[in-house]
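Working notes, beginning with the structure itself.
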Amino acid sequence: MSTIKVNDESFENDVLKSSSPVLVDFWAEWCGPCKQIGPALEDLAAEMGDRITVAKVNIEEAPNTPSKYGVRSIPTLMIFKDGQQVATKVGAAEKSKLYSWVESVLAEAAA
């Protein structure tokens, strides 16, 4: 599975009403750190797609959703489960740290 593009109109359906956990990447085209973690998120979507959906929200194309969730800097990653925000990570991180963070959140959410 690859990442999915989400906007203000589709956020509720694609993220909040999702039957599986969703990692949302708030990003912008001009953001260097966002581009840096992009390939790691694509890999994560491909390798863990059966356990979590990876959604990308371009803050310039969808300004309402980041504002609603208090996104102040990008990249901001949020994990939603059952319509609730359960974890947030701000800033870029190396692939192994992203994987560890997602694994720990999924394990905690399952407990």
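Naming works like this for the structure tokens: A, B, ... for the chains as they're shown, residue 1 at the start of each chain, ligands 1 onward in shown order.
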Taking 4 positions as the minimum chain separation for residues in the same chain, which residues sit within 10 Å of Ala55 in chain A when counting only C-alpha atoms? Answer as a VMD selection string. chain A and resid 2 to 7 11 14 to 15 22 to 26 41 to 42 45 77 to 79
Could you give me, as an NGL selection string, the residues within 9 Å of range 93-105 of chain A, counting only C-alpha atoms and dropping anything in the same chain fewer than 3 positions from it? :A and (23 or 33 or 36-37 or 39-41 or 43-44 or 52 or 79 or 86-87 or 89-90 or 108-110)
File of the preceding selection, N, CA and C atoms, as a short mmCIF file (atom, residue, chain, number, x, y, z; two decimals), in the first residue's frame:
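Everything below was put into out-v5.cif:
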data_model
loop_
_atom_site.label_atom_id
_atom_site.label_comp_id
_atom_site.auth_asym_id
_atom_site.auth_seq_id
_atom_site.Cartn_x
_atom_site.Cartn_y
_atom_site.Cartn_z
N LEU A 23 -1.63 7.21 10.17
CA LEU A 23 -0.56 8.16 10.43
C LEU A 23 -0.74 9.30 9.44
N PRO A 33 12.71 19.36 5.43
CA PRO A 33 12.57 18.18 6.30
C PRO A 33 11.41 17.28 5.90
N GLN A 36 12.60 15.19 3.21
CA GLN A 36 13.58 14.26 3.76
C GLN A 36 12.91 12.99 4.29
N ILE A 37 11.76 13.14 4.98
CA ILE A 37 11.11 11.95 5.55
C ILE A 37 10.12 11.30 4.60
N PRO A 39 10.40 9.65 1.66
CA PRO A 39 10.68 8.27 1.26
C PRO A 39 10.50 7.26 2.40
N ALA A 40 10.84 7.65 3.62
CA ALA A 40 10.66 6.75 4.77
C ALA A 40 9.18 6.48 5.01
N LEU A 41 8.34 7.50 4.82
CA LEU A 41 6.90 7.30 5.00
C LEU A 41 6.32 6.42 3.89
N ASP A 43 8.00 4.03 2.40
CA ASP A 43 8.44 2.69 2.78
C ASP A 43 7.57 2.14 3.89
N LEU A 44 7.28 2.97 4.87
CA LEU A 44 6.45 2.56 6.01
C LEU A 44 5.07 2.14 5.51
N ILE A 52 -1.35 -0.04 9.39
CA ILE A 52 -1.58 1.40 9.51
C ILE A 52 -1.62 2.03 8.13
N ILE A 79 -0.86 10.28 14.77
CA ILE A 79 -1.51 8.98 14.58
C ILE A 79 -2.90 9.06 15.18
N VAL A 86 -3.99 9.95 18.90
CA VAL A 86 -3.36 9.21 19.99
C VAL A 86 -1.87 9.49 20.15
N ALA A 87 -1.24 10.11 19.14
CA ALA A 87 0.19 10.42 19.24
C ALA A 87 0.56 11.50 18.24
N LYS A 89 4.20 13.61 16.65
CA LYS A 89 5.65 13.76 16.55
C LYS A 89 5.91 14.93 15.62
N VAL A 90 6.72 15.90 16.09
CA VAL A 90 7.02 17.09 15.30
C VAL A 90 8.48 17.04 14.85
N GLU A 108 0.86 0.24 22.03
CA GLU A 108 0.15 0.88 23.12
C GLU A 108 -1.34 0.93 22.83
N ALA A 109 -1.68 1.24 21.59
CA ALA A 109 -3.10 1.34 21.19
C ALA A 109 -3.79 -0.02 21.24
N ALA A 110 -3.03 -1.07 21.00
CA ALA A 110 -3.60 -2.43 21.02
C ALA A 110 -3.78 -2.96 22.43
#
DSSP strand (DSSP E or B) selection over range 11-63 of chain A, as a ChimeraX atom specification: /A:22-27,53-58
Interatomic distance between CA of Asn58 in chain A and CA of Asp82 in chain A?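 We find that CA of Asn58 in chain A and CA of Asp82 in chain A lie 22.5 Å from each other.
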For Trp30 in chain A, list every protein, DNA or RNA residue within 12 Å, evaluated using only C-alpha atoms, and leave out those in the same chain fewer than 4 positions away; present the list as a JSON list (two decimals) with N, CA and C atoms, in the first residue's frame.
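The result, written out as selection-v2.json:
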[["chain", "number", "residue", "atom", "x", "y", "z"],
["A", 34, "CYS", "N", 10.34, 17.87, 5.34],
["A", 34, "CYS", "CA", 9.19, 17.07, 4.88],
["A", 34, "CYS", "C", 9.63, 16.16, 3.74],
["A", 35, "LYS", "N", 10.39, 16.74, 2.81],
["A", 35, "LYS", "CA", 10.88, 15.95, 1.68],
["A", 35, "LYS", "C", 11.86, 14.88, 2.16],
["A", 36, "GLN", "N", 12.60, 15.19, 3.21],
["A", 36, "GLN", "CA", 13.58, 14.26, 3.76],
["A", 36, "GLN", "C", 12.91, 12.99, 4.29],
["A", 58, "ASN", "N", -1.26, 18.12, 2.57],
["A", 58, "ASN", "CA", -0.49, 19.30, 2.17],
["A", 58, "ASN", "C", -1.16, 20.51, 2.83],
["A", 59, "ILE", "N", -0.43, 21.18, 3.73],
["A", 59, "ILE", "CA", -1.04, 22.26, 4.52],
["A", 59, "ILE", "C", -1.45, 23.46, 3.68],
["A", 60, "GLU", "N", -0.88, 23.60, 2.49],
["A", 60, "GLU", "CA", -1.26, 24.72, 1.62],
["A", 60, "GLU", "C", -2.53, 24.41, 0.85],
["A", 74, "ILE", "N", 6.10, 22.13, 10.50],
["A", 74, "ILE", "CA", 6.05, 20.90, 9.71],
["A", 74, "ILE", "C", 7.46, 20.37, 9.49],
["A", 75, "PRO", "N", 7.62, 19.09, 9.32],
["A", 75, "PRO", "CA", 6.56, 18.09, 9.31],
["A", 75, "PRO", "C", 6.02, 17.81, 10.72]]
DSSP on the backbone: what in range 78-111 of chain A comes out helix (DSSP H, G or I), as JSON, numbers by chain? {"A": [95, 96, 97, 98, 99, 100, 101, 102, 103, 104, 105, 106, 107, 108, 109, 110]}
Could those residues be written to a file, using N, CA and C atoms, as an mmCIF file, in the first residue's frame?
data_model
loop_
_atom_site.group_PDB
_atom_site.id
_atom_site.type_symbol
_atom_site.label_atom_id
_atom_site.label_comp_id
_atom_site.auth_asym_id
_atom_site.auth_seq_id
_atom_site.Cartn_x
_atom_site.Cartn_y
_atom_site.Cartn_z
ATOM 1 N N LYS A 95 14.539 7.065 9.462
ATOM 2 C CA LYS A 95 13.574 5.990 9.205
ATOM 3 C C LYS A 95 13.415 5.048 10.403
ATOM 4 N N SER A 96 14.511 4.611 11.002
ATOM 5 C CA SER A 96 14.419 3.661 12.115
ATOM 6 C C SER A 96 13.668 4.264 13.305
ATOM 7 N N LYS A 97 13.840 5.560 13.544
ATOM 8 C CA LYS A 97 13.133 6.210 14.652
ATOM 9 C C LYS A 97 11.639 6.346 14.345
ATOM 10 N N LEU A 98 11.309 6.618 13.080
ATOM 11 C CA LEU A 98 9.896 6.686 12.690
ATOM 12 C C LEU A 98 9.222 5.329 12.886
ATOM 13 N N TYR A 99 9.903 4.278 12.450
ATOM 14 C CA TYR A 99 9.363 2.927 12.606
ATOM 15 C C TYR A 99 9.170 2.594 14.079
ATOM 16 N N SER A 100 10.165 2.893 14.903
ATOM 17 C CA SER A 100 10.076 2.606 16.344
ATOM 18 C C SER A 100 8.905 3.346 16.973
ATOM 19 N N TRP A 101 8.740 4.623 16.585
ATOM 20 C CA TRP A 101 7.643 5.422 17.124
ATOM 21 C C TRP A 101 6.301 4.808 16.744
ATOM 22 N N VAL A 102 6.131 4.463 15.466
ATOM 23 C CA VAL A 102 4.874 3.873 15.006
ATOM 24 C C VAL A 102 4.619 2.541 15.712
ATOM 25 N N GLU A 103 5.629 1.700 15.803
ATOM 26 C CA GLU A 103 5.484 0.401 16.478
ATOM 27 C C GLU A 103 5.042 0.596 17.929
ATOM 28 N N SER A 104 5.660 1.540 18.632
ATOM 29 C CA SER A 104 5.309 1.745 20.047
ATOM 30 C C SER A 104 3.887 2.262 20.197
ATOM 31 N N VAL A 105 3.474 3.148 19.307
ATOM 32 C CA VAL A 105 2.097 3.682 19.372
ATOM 33 C C VAL A 105 1.087 2.574 19.059
ATOM 34 N N LEU A 106 1.376 1.769 18.034
ATOM 35 C CA LEU A 106 0.466 0.661 17.696
ATOM 36 C C LEU A 106 0.358 -0.347 18.833
ATOM 37 N N ALA A 107 1.492 -0.649 19.461
ATOM 38 C CA ALA A 107 1.489 -1.598 20.576
ATOM 39 C C ALA A 107 0.692 -1.052 21.749
ATOM 40 N N GLU A 108 0.864 0.240 22.025
ATOM 41 C CA GLU A 108 0.153 0.878 23.121
ATOM 42 C C GLU A 108 -1.344 0.934 22.832
ATOM 43 N N ALA A 109 -1.684 1.237 21.592
ATOM 44 C CA ALA A 109 -3.100 1.337 21.193
ATOM 45 C C ALA A 109 -3.786 -0.023 21.245
ATOM 46 N N ALA A 110 -3.028 -1.074 21.002
ATOM 47 C CA ALA A 110 -3.599 -2.426 21.022
ATOM 48 C C ALA A 110 -3.780 -2.956 22.431
#
Counting only C-alpha atoms, figure out which residue out of A:Gln85, A:Lys17, A:Arg51, A:Cys31 gets nearest to Lys68 in chain A. A:Gln85
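Using only C-alpha atoms for every distance, the candidate list A:Leu16, A:Ala111, A:Gly70, A:Ser10 yields A:Ser10 as the residue closest to Val57 in chain A.
Rounded to one decimal, CA of Glu47 in chain A and CA of Met1 in chain A lie 7.8 Å from each other.
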A straight line from CA of Asp8 in chain A to CA of Ser67 in chain A spans 10.5 Å
